[in-house]
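Peer 1: What follows is coords_28.txt, compact mmCIF, C-alpha atoms.
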```
# COMPACT_ATOMS: atom_id res chain seq x y z
CA MET A 1 -57.22 19.18 120.51
CA LYS A 2 -56.05 22.71 121.41
CA ILE A 3 -52.81 24.64 120.95
CA THR A 4 -51.16 25.32 124.30
CA SER A 5 -47.91 27.11 123.41
CA LEU A 6 -45.57 28.35 120.67
CA THR A 7 -41.81 28.39 121.36
CA THR A 8 -39.08 29.67 119.04
CA TYR A 9 -35.43 28.62 119.04
CA VAL A 10 -32.68 30.65 117.37
CA VAL A 11 -30.13 28.04 116.31
CA PRO A 12 -26.85 28.07 114.36
CA PRO A 13 -25.92 28.64 111.66
CA ARG A 14 -28.68 31.19 110.86
CA TRP A 15 -32.02 29.49 111.43
CA LEU A 16 -35.12 29.89 113.58
CA PHE A 17 -37.18 26.86 114.60
CA LEU A 18 -40.71 26.89 116.02
CA LYS A 19 -42.36 24.25 118.21
CA ILE A 20 -46.13 24.29 118.63
CA GLU A 21 -47.47 22.14 121.48
CA THR A 22 -50.99 20.84 122.06
CA ASP A 23 -52.99 19.49 124.97
CA ALA A 24 -53.08 16.11 123.19
CA GLY A 25 -49.29 15.79 123.49
CA ILE A 26 -48.79 16.16 119.72
CA VAL A 27 -46.03 18.59 118.79
CA GLY A 28 -45.42 20.23 115.42
CA TRP A 29 -42.30 21.95 114.09
CA GLY A 30 -41.85 24.80 111.64
CA GLU A 31 -39.03 27.01 110.39
CA PRO A 32 -40.15 30.65 110.36
CA VAL A 33 -37.10 32.62 109.36
CA ILE A 34 -35.88 35.25 107.00
CA GLU A 35 -32.12 35.29 106.80
CA GLY A 36 -30.59 38.06 108.86
CA ARG A 37 -33.90 38.90 110.59
CA ALA A 38 -34.45 35.87 112.84
CA ALA A 39 -35.21 37.94 115.95
CA SER A 40 -37.74 40.06 114.08
CA VAL A 41 -39.56 36.97 112.80
CA ALA A 42 -39.51 35.43 116.30
CA ALA A 43 -41.18 38.58 117.63
CA ALA A 44 -43.84 38.35 114.92
CA VAL A 45 -44.50 34.71 115.80
CA GLU A 46 -44.95 35.72 119.43
CA GLU A 47 -47.49 38.37 118.44
CA LEU A 48 -49.44 35.93 116.26
CA ALA A 49 -49.41 33.37 119.08
CA ASP A 50 -51.98 35.44 120.99
CA TYR A 51 -54.61 34.35 118.50
CA LEU A 52 -53.54 30.72 118.18
CA VAL A 53 -53.33 29.55 121.79
CA GLY A 54 -56.53 27.68 122.63
CA LYS A 55 -57.43 26.98 118.99
CA ASP A 56 -57.72 23.62 117.22
CA PRO A 57 -54.44 23.28 115.24
CA ARG A 58 -56.08 21.19 112.51
CA ARG A 59 -58.00 24.16 111.07
CA VAL A 60 -54.92 25.14 109.08
CA GLU A 61 -56.65 27.08 106.29
CA GLU A 62 -58.80 28.99 108.77
CA HIS A 63 -55.80 29.98 110.90
CA TRP A 64 -53.78 31.03 107.83
CA THR A 65 -56.64 33.21 106.64
CA VAL A 66 -57.18 34.88 110.00
CA LEU A 67 -53.48 35.47 110.65
CA TYR A 68 -53.13 37.06 107.21
CA ARG A 69 -56.40 38.94 106.76
CA SER A 70 -57.10 40.07 110.31
CA GLY A 71 -54.10 42.39 110.29
CA PHE A 72 -54.80 45.78 108.75
CA TYR A 73 -51.13 45.79 107.65
CA ARG A 74 -50.20 42.53 106.02
CA GLY A 75 -47.60 40.84 103.84
CA GLY A 76 -43.88 41.42 103.57
CA GLY A 77 -40.93 39.35 104.68
CA ILE A 78 -41.39 39.39 108.46
CA HIS A 79 -45.13 38.74 108.61
CA MET A 80 -45.16 36.09 105.88
CA SER A 81 -42.12 34.26 107.28
CA ALA A 82 -43.72 34.09 110.72
CA LEU A 83 -46.93 32.82 109.13
CA ALA A 84 -44.93 30.32 107.04
CA GLY A 85 -43.35 28.65 110.06
CA ILE A 86 -46.66 28.53 111.91
CA ASP A 87 -48.31 26.98 108.86
CA GLN A 88 -45.59 24.31 108.59
CA ALA A 89 -45.99 23.40 112.27
CA LEU A 90 -49.79 23.23 112.02
CA TRP A 91 -49.53 20.89 109.04
CA ASP A 92 -46.99 18.81 110.98
CA ILE A 93 -49.44 18.48 113.89
CA THR A 94 -52.35 17.68 111.58
CA GLY A 95 -50.40 14.99 109.78
CA ARG A 96 -49.26 13.43 113.05
CA ALA A 97 -52.83 13.49 114.39
CA HIS A 98 -53.94 11.47 111.37
CA GLY A 99 -50.82 9.29 111.26
CA ALA A 100 -50.10 10.42 107.69
CA PRO A 101 -47.58 12.58 105.84
CA VAL A 102 -48.81 16.02 104.85
CA HIS A 103 -48.79 15.12 101.16
CA GLU A 104 -51.43 12.43 101.77
CA LEU A 105 -53.71 15.05 103.34
CA LEU A 106 -53.18 17.21 100.25
CA GLY A 107 -54.41 14.53 97.86
CA GLY A 108 -51.45 12.18 97.67
CA ARG A 109 -48.13 12.46 95.94
CA VAL A 110 -47.66 12.74 92.18
CA ARG A 111 -44.00 11.69 92.45
CA ASP A 112 -41.92 9.49 94.74
CA ARG A 113 -38.72 11.58 94.62
CA ILE A 114 -37.46 14.84 93.21
CA LYS A 115 -34.24 16.07 91.66
CA VAL A 116 -32.01 18.19 93.89
CA TYR A 117 -29.08 20.44 93.16
CA SER A 118 -25.89 21.14 95.04
CA TRP A 119 -24.46 24.57 95.73
CA ILE A 120 -20.89 24.88 94.43
CA GLY A 121 -19.82 28.50 94.76
CA GLY A 122 -19.59 31.09 97.50
CA ASP A 123 -20.53 34.71 97.25
CA ARG A 124 -17.33 35.34 95.36
CA PRO A 125 -17.04 32.24 93.16
CA ASP A 126 -13.72 30.48 93.43
CA GLN A 127 -12.70 26.95 92.54
CA THR A 128 -16.24 26.32 91.36
CA ALA A 129 -15.15 23.86 88.68
CA ALA A 130 -13.56 21.55 91.26
CA ALA A 131 -16.60 21.88 93.52
CA ALA A 132 -18.92 21.08 90.60
CA LEU A 133 -16.95 17.99 89.67
CA ALA A 134 -16.98 16.82 93.30
CA ALA A 135 -20.77 17.26 93.43
CA VAL A 136 -21.21 15.21 90.27
CA GLU A 137 -18.96 12.51 91.71
CA ARG A 138 -21.29 12.43 94.76
CA GLY A 139 -24.19 11.71 92.42
CA PHE A 140 -25.70 15.15 91.80
CA THR A 141 -26.91 15.85 88.28
CA ALA A 142 -27.38 19.60 88.76
CA VAL A 143 -25.43 22.36 90.49
CA LYS A 144 -25.86 26.08 91.18
CA MET A 145 -23.30 28.83 91.54
CA ASN A 146 -23.31 32.55 92.10
CA GLY A 147 -22.33 34.34 88.93
CA PRO A 148 -21.16 37.93 89.36
CA GLU A 149 -19.61 39.74 92.25
CA GLU A 150 -20.86 43.28 92.86
CA LEU A 151 -21.64 45.13 89.63
CA GLN A 152 -22.32 48.77 88.94
CA TYR A 153 -25.05 49.86 86.52
CA LEU A 154 -22.29 50.05 83.92
CA ASP A 155 -19.23 47.99 84.71
CA THR A 156 -16.03 46.84 83.08
CA ARG A 157 -15.54 44.04 80.58
CA ASP A 158 -13.14 42.18 82.84
CA LYS A 159 -15.94 41.50 85.34
CA VAL A 160 -18.10 40.05 82.58
CA GLU A 161 -15.22 37.90 81.37
CA ARG A 162 -14.60 36.66 84.92
CA VAL A 163 -18.20 35.43 85.18
CA VAL A 164 -17.98 33.77 81.79
CA ALA A 165 -14.68 32.10 82.66
CA ASN A 166 -16.14 30.67 85.88
CA VAL A 167 -19.18 29.28 84.10
CA ALA A 168 -17.09 27.94 81.22
CA ALA A 169 -14.80 26.13 83.66
CA VAL A 170 -17.77 24.49 85.37
CA ARG A 171 -19.30 23.42 82.06
CA GLU A 172 -16.01 21.95 80.93
CA ALA A 173 -15.58 20.09 84.23
CA VAL A 174 -19.04 18.49 84.35
CA GLY A 175 -19.77 18.02 80.67
CA PRO A 176 -22.85 18.87 78.62
CA ASP A 177 -25.50 16.88 80.49
CA VAL A 178 -25.25 18.31 84.03
CA GLY A 179 -27.60 21.19 84.80
CA ILE A 180 -25.94 24.46 85.80
CA GLY A 181 -27.90 27.23 87.48
CA VAL A 182 -26.24 30.64 87.63
CA ASP A 183 -27.56 33.00 90.29
CA PHE A 184 -27.21 36.73 89.57
CA HIS A 185 -28.51 37.23 93.15
CA GLY A 186 -30.18 40.51 92.26
CA ARG A 187 -26.72 42.08 92.03
CA VAL A 188 -27.08 42.96 88.37
CA HIS A 189 -28.77 46.10 87.09
CA ARG A 190 -30.64 46.27 83.82
CA PRO A 191 -27.78 47.40 81.51
CA MET A 192 -25.35 44.68 82.68
CA ALA A 193 -28.06 41.99 82.75
CA ARG A 194 -28.35 42.37 78.99
CA VAL A 195 -24.61 41.90 78.57
CA LEU A 196 -24.34 38.88 80.88
CA LEU A 197 -27.33 37.00 79.50
CA GLU A 198 -25.92 37.24 76.01
CA ALA A 199 -22.41 36.27 77.12
CA LEU A 200 -23.62 33.17 79.00
CA ALA A 201 -25.99 31.85 76.33
CA PRO A 202 -23.42 29.46 74.77
CA TYR A 203 -23.16 27.44 78.00
CA HIS A 204 -26.74 26.11 77.86
CA LEU A 205 -27.61 26.85 81.46
CA MET A 206 -30.37 25.14 83.42
CA PHE A 207 -31.54 28.62 84.41
CA VAL A 208 -30.35 32.12 85.31
CA GLU A 209 -31.70 33.10 88.73
CA GLU A 210 -32.71 36.65 89.62
CA PRO A 211 -31.20 38.25 86.50
CA VAL A 212 -32.44 41.49 88.03
CA LEU A 213 -34.44 42.18 91.18
CA SER A 214 -38.09 41.18 90.81
CA GLU A 215 -39.22 44.81 90.92
CA HIS A 216 -37.17 45.55 87.80
CA VAL A 217 -38.25 42.59 85.66
CA ASP A 218 -40.71 44.68 83.66
CA GLY A 219 -37.85 46.92 82.51
CA ILE A 220 -36.18 44.07 80.59
CA ALA A 221 -39.25 41.96 79.95
CA ASP A 222 -38.72 41.75 76.19
CA LEU A 223 -35.12 40.61 76.66
CA LEU A 224 -36.10 37.95 79.19
CA ARG A 225 -38.94 36.64 77.01
CA ALA A 226 -36.49 36.30 74.12
CA SER A 227 -33.78 34.61 76.20
CA ALA A 228 -32.87 31.06 75.20
CA THR A 229 -31.91 30.49 78.84
CA PRO A 230 -34.78 29.79 81.27
CA ILE A 231 -35.33 32.61 83.77
CA ALA A 232 -35.94 31.82 87.45
CA LEU A 233 -36.86 34.11 90.35
CA GLY A 234 -39.13 34.49 93.33
CA GLU A 235 -37.22 33.93 96.57
CA ARG A 236 -37.95 37.55 97.56
CA LEU A 237 -41.67 37.38 96.83
CA PHE A 238 -43.91 36.57 99.76
CA SER A 239 -47.46 35.78 98.62
CA ARG A 240 -49.68 34.79 95.70
CA TRP A 241 -50.36 38.50 95.21
CA ASP A 242 -46.63 39.21 94.88
CA PHE A 243 -46.30 36.39 92.36
CA LYS A 244 -49.40 37.28 90.34
CA ASP A 245 -47.84 39.84 88.00
CA VAL A 246 -44.64 37.82 87.62
CA ILE A 247 -46.56 34.68 86.67
CA THR A 248 -48.80 36.46 84.15
CA SER A 249 -45.96 38.50 82.60
CA GLY A 250 -44.65 35.72 80.36
CA VAL A 251 -41.14 36.58 81.52
CA VAL A 252 -40.37 33.86 84.06
CA ASP A 253 -39.98 30.15 83.32
CA VAL A 254 -39.29 28.91 86.85
CA ILE A 255 -40.66 30.41 90.06
CA GLN A 256 -38.78 29.93 93.33
CA PRO A 257 -41.06 30.59 96.30
CA ASP A 258 -39.50 29.88 99.68
CA LEU A 259 -41.75 27.88 102.00
CA SER A 260 -40.23 29.64 105.03
CA HIS A 261 -40.82 33.10 103.53
CA ALA A 262 -43.95 32.86 101.38
CA GLY A 263 -46.61 31.76 103.83
CA GLY A 264 -45.72 28.09 104.16
CA ILE A 265 -47.25 25.02 102.56
CA THR A 266 -50.75 26.49 102.38
CA GLU A 267 -49.72 29.56 100.39
CA VAL A 268 -47.02 28.05 98.20
CA ARG A 269 -49.37 25.30 97.03
CA LYS A 270 -51.66 28.06 95.72
CA ILE A 271 -48.72 29.86 94.12
CA ALA A 272 -47.62 26.61 92.44
CA ALA A 273 -51.15 26.04 91.10
CA MET A 274 -51.22 29.57 89.68
CA ALA A 275 -47.91 28.91 87.95
CA GLU A 276 -49.08 25.58 86.54
CA ALA A 277 -51.94 27.35 84.79
CA TYR A 278 -49.30 29.33 82.87
CA ASP A 279 -47.03 26.29 82.23
CA ILE A 280 -44.38 27.66 84.61
CA ALA A 281 -42.18 25.33 86.65
CA VAL A 282 -41.61 25.50 90.42
CA ALA A 283 -38.22 25.07 92.11
CA PRO A 284 -38.64 25.97 95.79
CA HIS A 285 -35.93 28.13 97.31
CA CYS A 286 -34.41 26.52 100.41
CA PRO A 287 -30.88 27.38 101.58
CA LEU A 288 -32.21 26.75 105.09
CA GLY A 289 -32.60 24.00 107.68
CA PRO A 290 -34.17 20.54 107.79
CA ILE A 291 -37.69 21.61 108.75
CA ALA A 292 -37.87 24.01 105.80
CA LEU A 293 -36.58 21.30 103.46
CA ALA A 294 -39.10 18.77 104.79
CA ALA A 295 -41.91 21.28 104.15
CA CYS A 296 -40.61 21.86 100.60
CA LEU A 297 -40.60 18.14 99.89
CA GLN A 298 -44.22 17.80 101.01
CA LEU A 299 -45.09 20.54 98.50
CA ASP A 300 -42.93 18.94 95.80
CA ALA A 301 -44.85 15.72 96.32
CA VAL A 302 -48.18 17.26 95.28
CA ALA A 303 -47.19 20.01 92.81
CA TYR A 304 -47.05 18.54 89.31
CA ASN A 305 -44.91 21.42 88.05
CA ALA A 306 -42.22 21.06 90.76
CA VAL A 307 -39.02 20.26 88.87
CA ILE A 308 -36.04 20.55 91.22
CA GLN A 309 -35.40 21.26 94.90
CA GLU A 310 -32.72 23.45 96.45
CA GLN A 311 -31.09 22.07 99.61
CA SER A 312 -28.37 23.41 101.87
CA LEU A 313 -26.17 20.43 102.74
CA GLY A 314 -22.60 21.73 102.78
CA ILE A 315 -23.52 25.27 101.72
CA HIS A 316 -20.95 27.86 102.74
CA TYR A 317 -23.39 29.55 105.15
CA ASN A 318 -23.59 26.41 107.29
CA THR A 319 -20.75 27.04 109.70
CA GLY A 320 -21.07 25.44 113.12
CA ASN A 321 -24.06 23.32 112.14
CA ASP A 322 -25.31 21.73 108.93
CA LEU A 323 -28.58 20.47 107.51
CA LEU A 324 -28.62 17.02 109.11
CA ASP A 325 -27.49 17.96 112.62
CA TYR A 326 -30.96 18.66 114.00
CA VAL A 327 -32.80 15.53 112.84
CA VAL A 328 -32.93 12.21 114.69
CA ASP A 329 -32.60 10.18 111.48
CA PRO A 330 -30.43 11.91 108.85
CA SER A 331 -31.18 9.16 106.33
CA VAL A 332 -34.58 10.76 105.73
CA PHE A 333 -32.70 13.12 103.38
CA ALA A 334 -30.51 10.48 101.74
CA TYR A 335 -29.63 11.63 98.23
CA SER A 336 -29.25 9.08 95.45
CA GLU A 337 -28.74 9.52 91.71
CA GLY A 338 -29.23 13.25 92.07
CA MET A 339 -32.60 12.88 93.77
CA VAL A 340 -34.12 12.73 97.25
CA ASP A 341 -37.11 10.64 98.29
CA ILE A 342 -40.27 12.33 99.53
CA PRO A 343 -40.41 11.68 103.32
CA ARG A 344 -43.17 9.20 104.16
CA GLY A 345 -43.37 9.66 107.95
CA PRO A 346 -46.29 11.44 109.62
CA GLY A 347 -46.57 15.20 109.38
CA LEU A 348 -43.56 16.75 107.69
CA GLY A 349 -41.89 13.34 107.77
CA ILE A 350 -38.92 14.13 110.01
CA GLU A 351 -38.17 13.82 113.71
CA VAL A 352 -36.49 16.89 115.19
CA ASP A 353 -33.86 16.27 117.87
CA GLU A 354 -35.36 18.62 120.44
CA ASP A 355 -32.62 18.12 123.02
CA TYR A 356 -30.01 19.19 120.50
CA VAL A 357 -32.16 22.12 119.38
CA ARG A 358 -32.28 23.36 122.96
CA GLU A 359 -28.53 22.86 123.35
CA ARG A 360 -27.71 24.88 120.24
CA ALA A 361 -30.34 27.52 121.01
CA ALA A 362 -28.26 28.34 124.07
CA VAL A 363 -25.55 29.36 121.58
CA GLY A 364 -27.90 31.02 119.09
CA HIS A 365 -26.67 33.29 116.31
CA ARG A 366 -26.71 36.87 115.07
CA TRP A 367 -26.17 36.15 111.39
CA ARG A 368 -26.27 39.24 109.19
CA ASN A 369 -25.95 39.84 105.49
CA PRO A 370 -22.51 41.16 104.57
CA VAL A 371 -22.33 44.76 103.40
CA TRP A 372 -20.53 45.14 100.08
CA ARG A 373 -19.33 48.40 98.60
CA HIS A 374 -18.24 49.60 95.18
CA PRO A 375 -14.82 51.25 94.73
CA ASP A 376 -16.52 54.65 94.96
CA GLY A 377 -17.82 53.83 98.45
CA SER A 378 -21.48 53.33 97.53
CA VAL A 379 -23.33 50.26 98.80
CA ALA A 380 -23.44 47.35 96.39
CA GLU A 381 -26.22 44.77 96.12
CA TRP A 382 -25.21 41.61 97.97
```
Spit out the file's structure as structure tokens when you get a sec.
Peer 2:
Amino acid sequence: MKITSLTTYVVPPRWLFLKIETDAGIVGWGEPVIEGRAASVAAAVEELADYLVGKDPRRVEEHWTVLYRSGFYRGGGIHMSALAGIDQALWDITGRAHGAPVHELLGGRVRDRIKVYSWIGGDRPDQTAAAALAAVERGFTAVKMNGPEELQYLDTRDKVERVVANVAAVREAVGPDVGIGVDFHGRVHRPMARVLLEALAPYHLMFVEEPVLSEHVDGIADLLRASATPIALGERLFSRWDFKDVITSGVVDVIQPDLSHAGGITEVRKIAAMAEAYDIAVAPHCPLGPIALAACLQLDAVAYNAVIQEQSLGIHYNTGNDLLDYVVDPSVFAYSEGMVDIPRGPGLGIEVDEDYVRERAAVGHRWRNPVWRHPDGSVAEW
């Protein structure tokens, strides 16, 4: 079996899908995208395709290694996202060729289902308590919200109190037993991170995500190690080498690699194994589409330390199209009792509606991160 072509589709709301075809008629799908840079990732996929066409798609590890190591310049968001989507599609083909889900090829699943959480707050949290209660009523047992708006290095007490009030309202609405993740989104600098972590401690959070940007973790390492609240980060790290120092630092309790950013199933399985050796949990980042989620669930099936899965159904970014629109059978992601079953179909376990993908690719998107500014006119972290 040989690869004959790679085709990318830019589809709403902000996703990029990849189809890899073979001369055996078996097709695999991947989701190689980094939000706001879909066209750049598509160009990288096209460059990497020169090597892949004519190769046996089932040599997944070999192709990953060549596509990573044969480039003198390697790593980073664009390269690793392109490689991630290719890797997902190659695993999809390999699973379909063997008539088995990817997790069976990786040694078989260690769990039948995994806990999921629902997003409840936009970039500027509002009415999060009502959204949290609605999520719980739909059966979710964990939710996540953005915490702060833009913050300066030193900011005012009213902004801190606004974050605390939002979190307190959610806790009061859902009670003590529902998990609440609060995402600082890398918006918080070291001085204010200290203030917010202390102020939020009484609400017994499931985790605080990206309390500071990953590159600044060492600056508040002692504070994070002493925090009673679990610390999660990793969506902006792209390889096992990026994660190495974070994992060995003793600072992080939950890593969040994104299977569409961090090299796909092949790489994230290695990252998860590294984390397990340090008793660190894995909660894959995935505010993306159905192919990315399917890939995450195949990883969750085989990673003992996977604890919870992000998913994008109903997230505020999903305007025009939502998670289930591009799959033939939406029930493959049926949530029940706060969990989702591991897909059991061949490959990634989903069937992509290719006709609809083509239809929506004619519309496409040019999604971009918003640009926020402080009152003094300087750019704020989004």
Peer 1: With only C-alpha atoms as the atoms that count, which of A:Ala226, A:Leu213, A:Val246, A:Ala97 lies nearest to Met1 of chain A?
Peer 2: A:Ala97
Peer 1: Could you give me, as a VMD selection string, the residues within 10 Å of segment 311-321 of chain A, counting only C-alpha atoms and dropping anything in the same chain fewer than 3 positions from it?
Peer 2: chain A and resid 11 to 15 116 to 123 284 to 290 292 to 293 296 308 324 to 326 333 360 367
Peer 1: I'd like to know which of A:Val379, A:Val27, A:Val102, A:Ala38 is closest to Gln298 of chain A, using only C-alpha atoms.
Peer 2: A:Val102
Peer 1: Which of these residues is nearest to Glu150 of chain A, using only C-alpha atoms: A:Gly186, A:Gly54, A:Pro176, A:Gly349?
Peer 2: A:Gly186
Peer 1: I'd like the interatomic distance between atom CA of Ala334 of chain A and atom CA of Ile93 of chain A, to a tenth of an Å.
Peer 2: 23.9 Å
Peer 1: Within 6 Å of (-41.5, 19.6, 111.6), only C-alpha atoms: residues as a ChimeraX atom specification?
Peer 2: /A:28-30,89,92,291,348
Peer 1: Include C-alpha atoms and write out the residues we just selected as a short mmCIF file (atom, residue, chain, number, x, y, z; two decimals), keeping the file's coordinate frame.
Peer 2:
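Saved the output as again03.cif:
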```
data_model
loop_
_atom_site.label_atom_id
_atom_site.label_comp_id
_atom_site.auth_asym_id
_atom_site.auth_seq_id
_atom_site.Cartn_x
_atom_site.Cartn_y
_atom_site.Cartn_z
CA GLY A 28 -45.42 20.23 115.42
CA TRP A 29 -42.30 21.95 114.09
CA GLY A 30 -41.85 24.80 111.64
CA ALA A 89 -45.99 23.40 112.27
CA ASP A 92 -46.99 18.81 110.98
CA ILE A 291 -37.69 21.61 108.75
CA LEU A 348 -43.56 16.75 107.69
#
```
Peer 1: Return the single residue from A:Lys115, A:His63, A:Leu52, A:Glu351 that is closest to Phe140 of chain A, with distances computed using all atoms listed in the file.
Peer 2: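 Of A:Lys115, A:His63, A:Leu52, A:Glu351, the one nearest Phe140 of chain A, counting all atoms listed in the file, is A:Lys115.
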Peer 1: Do a neighbour search on Ala129 of chain A at 9 Å with all atoms listed in the file, toss out local chain neighbours closer than 4 positions, and write the hits as a list in words.
Peer 2: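 Near Ala129 of chain A, the qualifying residues are Ile120, Gly121, Leu133, Ala134, Asn166, Val167, Ala168, Ala169, Val170, Arg171, Glu172, Ala173 and Val174 of chain A.
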Peer 1: Within 8 Å of Pro346 of chain A, counting only C-alpha atoms, which residues show up once you throw out same-chain ones fewer than 4 positions away? Write them as a ChimeraX atom specification, please.
Peer 2: /A:92,95-96,98-102,350
Peer 1: List the residues sitting within 8 Å of (-40.3, 31.6, 118.1) in the file's frame, using all atoms listed in the file, as a PyMOL selection string.
Peer 2: chain A and resi 6-10+16-19+32+41-43+45-46
Peer 1: Those same residues, written as an mmCIF file, keeping the file's coordinate frame with C-alpha atoms?
Peer 2:
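Listed below is the output, selection20.cif:
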```
data_model
loop_
_atom_site.group_PDB
_atom_site.id
_atom_site.type_symbol
_atom_site.label_atom_id
_atom_site.label_comp_id
_atom_site.auth_asym_id
_atom_site.auth_seq_id
_atom_site.Cartn_x
_atom_site.Cartn_y
_atom_site.Cartn_z
ATOM 1 C CA LEU A 6 -45.570 28.350 120.670
ATOM 2 C CA THR A 7 -41.810 28.390 121.360
ATOM 3 C CA THR A 8 -39.080 29.670 119.040
ATOM 4 C CA TYR A 9 -35.430 28.620 119.040
ATOM 5 C CA VAL A 10 -32.680 30.650 117.370
ATOM 6 C CA LEU A 16 -35.120 29.890 113.580
ATOM 7 C CA PHE A 17 -37.180 26.860 114.600
ATOM 8 C CA LEU A 18 -40.710 26.890 116.020
ATOM 9 C CA LYS A 19 -42.360 24.250 118.210
ATOM 10 C CA PRO A 32 -40.150 30.650 110.360
ATOM 11 C CA VAL A 41 -39.560 36.970 112.800
ATOM 12 C CA ALA A 42 -39.510 35.430 116.300
ATOM 13 C CA ALA A 43 -41.180 38.580 117.630
ATOM 14 C CA VAL A 45 -44.500 34.710 115.800
ATOM 15 C CA GLU A 46 -44.950 35.720 119.430
#
```
Peer 1: Neighbours of Leu197 of chain A within 10 Å (only C-alpha atoms; same-chain residues fewer than 3 positions away dropped), as a list in words?
Peer 2: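 With the cut-off at 10 Å, the set is Met192, Ala193, Arg194, Leu200, Ala201, Pro202, Val208, Pro211, Leu223, Leu224, Ser227, Ala228 and Thr229 of chain A.
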